[in-house]
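Read the structure below first, then the notes.
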Amino acid sequence: MNTPSLADMRKNYQQAELLESHAAAQPLQQFGTWLQEAIASQIPEPNAMTLATVSSELRPSTRVVLIKAYDERGLVWFTNYNSRKGRELAGNPFAALQFHWVELERVVRIEGRVEKISEEESDQYFHSRPLASRIGAWASPQSEVIASREWLETSSQKFAAQFAQHPPRPPHWGGYRLVPEQWEFWQGGSARLHDRLQYQWRNGQWLIQRLAP
Ligand SMILES: Cc1cc2nc3c(=O)[nH]c(=O)nc-3n(C[C@H](O)[C@H](O)[C@H](O)COP(=O)(O)O)c2cc1C
């Protein structure tokens, strides 16, 4: 079978349009509509988003995390505060998030400042997780070099034996919230005439502007 060359791979987008007349005045509302549509369409992992952070040497890096909550305060995910992303956020709290819902021909980009959520909120979510995930939060020194797969499994067994059914939340594990200052909603259009609506927080309200594709 002949596989197409990368240079020949392209898709014409034609599912939908995003017009100012239909876009929500509040980006959170627009996001909620699109996220619910992504979940309803049963695409895999609609809650997965790419998180970009920047190191103190001004080098960007990305990874995928899961959105676990959102409201007027911002978007929340959970992780290890000592991980690479945690260290980068401690040095530079500005970050960007991106959802790419391939099947819906949609992208959402969000930029803003990141803060840790409260200990109570982190506790609440931690204790809702399956036992193996709670043990994993103790067993894995996320982003550090480890000796082997075996080392990780031994670490997991050690913490499983230590905590049995009731691991507490590790102090180095919890949630972050990105407080949006700017959003972009991208809807693929035909002949590369995509729709891009940008929302920026200006003088106490959201300014909506169309960007060239
Ligand atoms: C679909 C998906 C969801 C993920 N969700 C999370 C998450 O919610 N939190 C997390 O810490 N890592 C998550 N990961 C793992 C991260 O992508 C990454 O490997 C890890 O956080 C370490 O990143 P860092 O070394 O840049 O800090 C997820 C990976 C995938 C593929």
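Within each chain, counting starts at residue 1; across the structure tokens, chains are named A, B, ... in the order shown, with ligands numbered 1 upward in that order.
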
Test item: residues at most 12 Å from stretch 48-58 of chain A, only C-alpha atoms, excluding those fewer than 4 positions along its chain, as a PyMOL selection string
chain A and resi 35+38-39+43-44+62-68+75-79+83-102+107-114+176-178

Among stretch 6-211 of chain A, which residues carry a DSSP assignment of strand (DSSP E or B), reported as a PyMOL selection string?
chain A and resi 48-54+60-66+69-71+74-80+94-101+106-116+173-187+195-202+205-210

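Across A:Leu104, A:Leu197, A:Ala161, A:Ala69, the tightest approach to ligand 1 is made by A:Ala69 when counting only C-alpha atoms and all ligand atoms.
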
Distance in Å - atom CA of A:Trp34 versus atom CA of A:Tyr70
13.1 Å

For atom 1 (C, counted along the ligand's line) of ligand 1 and atom CA of A:Gly174, determine how far apart the two atoms are, in Å to one decimal place.
17.7 Å

Using 10 Å as the limit and counting only C-alpha atoms, can you tabulate each residue of stretch 90-164 of chain A that touches stretch 7-21 of chain A, with its shortest atom-to-atom distance in Å and the two atoms involved, as CSV?
residue,atom,partner,partner_atom,distance
A:Glu103,CA,A:Gln15,CA,9.3
A:Leu104,CA,A:Gln15,CA,7.2
A:Glu105,CA,A:Tyr13,CA,6.7
A:Arg106,CA,A:Ala16,CA,9.3

As a list of chain:residue names, list the residues of stretch 47-136 of chain A assigned to helix (DSSP H, G or I) by DSSP on the backbone atoms of this structure.
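Output for stretch 47-136 of chain A, helix (DSSP H, G or I) only: A:Arg84, A:Lys85, A:Gly86, A:Arg87, A:Glu88, A:Leu89, A:Ala90, A:Gly91, A:Val102, A:Glu103, A:Leu104, A:Glu119, A:Glu120, A:Glu121, A:Ser122, A:Asp123, A:Gln124, A:Tyr125, A:Phe126, A:Leu131, A:Ala132, A:Ser133, A:Arg134, A:Ile135, A:Gly136.
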
If you count only C-alpha atoms, which residues fall within 10 Å of A:Gln209, apart from same-chain ones fewer than 4 positions away, as a PyMOL selection string?
chain A and resi 20+184+196-200

Any chance you can output those residues with all heavy atoms as an mmCIF file, in the first residue's frame?
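part_32.cif written:
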data_model
loop_
_atom_site.group_PDB
_atom_site.id
_atom_site.type_symbol
_atom_site.label_atom_id
_atom_site.label_comp_id
_atom_site.auth_asym_id
_atom_site.auth_seq_id
_atom_site.Cartn_x
_atom_site.Cartn_y
_atom_site.Cartn_z
ATOM 1 N N GLU A 20 -19.330 35.563 14.647
ATOM 2 C CA GLU A 20 -19.496 36.479 15.775
ATOM 3 C C GLU A 20 -20.958 36.475 16.249
ATOM 4 O O GLU A 20 -21.239 36.565 17.441
ATOM 5 C CB GLU A 20 -19.096 37.903 15.378
ATOM 6 C CG GLU A 20 -17.603 38.117 15.208
ATOM 7 C CD GLU A 20 -17.058 37.694 13.851
ATOM 8 O OE1 GLU A 20 -17.726 36.917 13.143
ATOM 9 O OE2 GLU A 20 -15.952 38.139 13.514
ATOM 10 N N GLU A 184 -8.640 31.727 22.357
ATOM 11 C CA GLU A 184 -8.917 31.700 20.914
ATOM 12 C C GLU A 184 -9.701 30.441 20.595
ATOM 13 O O GLU A 184 -9.349 29.341 21.045
ATOM 14 C CB GLU A 184 -7.627 31.697 20.085
ATOM 15 C CG GLU A 184 -7.967 31.697 18.589
ATOM 16 C CD GLU A 184 -6.783 31.401 17.678
ATOM 17 O OE1 GLU A 184 -5.645 31.797 18.000
ATOM 18 O OE2 GLU A 184 -7.022 30.752 16.634
ATOM 19 N N ARG A 196 -11.428 32.167 13.272
ATOM 20 C CA ARG A 196 -10.655 32.326 14.514
ATOM 21 C C ARG A 196 -11.219 33.510 15.295
ATOM 22 O O ARG A 196 -11.121 34.649 14.835
ATOM 23 C CB ARG A 196 -9.179 32.614 14.215
ATOM 24 C CG ARG A 196 -8.479 31.555 13.399
ATOM 25 C CD ARG A 196 -7.035 31.954 13.149
ATOM 26 N NE ARG A 196 -6.256 32.013 14.387
ATOM 27 C CZ ARG A 196 -5.037 32.554 14.466
ATOM 28 N NH1 ARG A 196 -4.478 33.112 13.405
ATOM 29 N NH2 ARG A 196 -4.394 32.548 15.624
ATOM 30 N N LEU A 197 -11.776 33.250 16.453
ATOM 31 C CA LEU A 197 -12.262 34.338 17.302
ATOM 32 C C LEU A 197 -11.422 34.397 18.560
ATOM 33 O O LEU A 197 -11.269 33.401 19.274
ATOM 34 C CB LEU A 197 -13.738 34.150 17.657
ATOM 35 C CG LEU A 197 -14.734 34.255 16.498
ATOM 36 C CD1 LEU A 197 -16.162 34.182 17.012
ATOM 37 C CD2 LEU A 197 -14.534 35.533 15.687
ATOM 38 N N GLN A 198 -10.862 35.566 18.788
ATOM 39 C CA GLN A 198 -10.013 35.792 19.963
ATOM 40 C C GLN A 198 -10.778 36.627 20.995
ATOM 41 O O GLN A 198 -11.444 37.593 20.631
ATOM 42 C CB GLN A 198 -8.762 36.547 19.515
ATOM 43 C CG GLN A 198 -7.848 36.978 20.656
ATOM 44 C CD GLN A 198 -6.650 37.721 20.115
ATOM 45 O OE1 GLN A 198 -5.630 37.130 19.810
ATOM 46 N NE2 GLN A 198 -6.788 39.028 19.960
ATOM 47 N N TYR A 199 -10.676 36.214 22.254
ATOM 48 C CA TYR A 199 -11.279 36.959 23.369
ATOM 49 C C TYR A 199 -10.145 37.466 24.250
ATOM 50 O O TYR A 199 -9.313 36.664 24.706
ATOM 51 C CB TYR A 199 -12.154 36.054 24.227
ATOM 52 C CG TYR A 199 -13.432 35.526 23.601
ATOM 53 C CD1 TYR A 199 -13.394 34.633 22.540
ATOM 54 C CD2 TYR A 199 -14.671 35.893 24.118
ATOM 55 C CE1 TYR A 199 -14.573 34.126 22.002
ATOM 56 C CE2 TYR A 199 -15.849 35.385 23.584
ATOM 57 C CZ TYR A 199 -15.796 34.504 22.526
ATOM 58 O OH TYR A 199 -16.956 33.997 22.006
ATOM 59 N N GLN A 200 -10.123 38.775 24.476
ATOM 60 C CA GLN A 200 -9.111 39.344 25.381
ATOM 61 C C GLN A 200 -9.792 40.136 26.490
ATOM 62 O O GLN A 200 -10.744 40.883 26.227
ATOM 63 C CB GLN A 200 -8.173 40.272 24.601
ATOM 64 C CG GLN A 200 -7.234 39.516 23.672
ATOM 65 C CD GLN A 200 -6.384 40.473 22.862
ATOM 66 O OE1 GLN A 200 -6.899 41.390 22.234
ATOM 67 N NE2 GLN A 200 -5.082 40.264 22.880
#

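Among the candidates A:Pro213, A:Gly136, A:Pro46, A:Pro4, the one nearest to A:Pro170 when counting only C-alpha atoms is A:Gly136.
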
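The space between atom 6 (C, counted along the ligand's line) of ligand 1 and atom CA of A:Tyr81 spans 12.5 Å.
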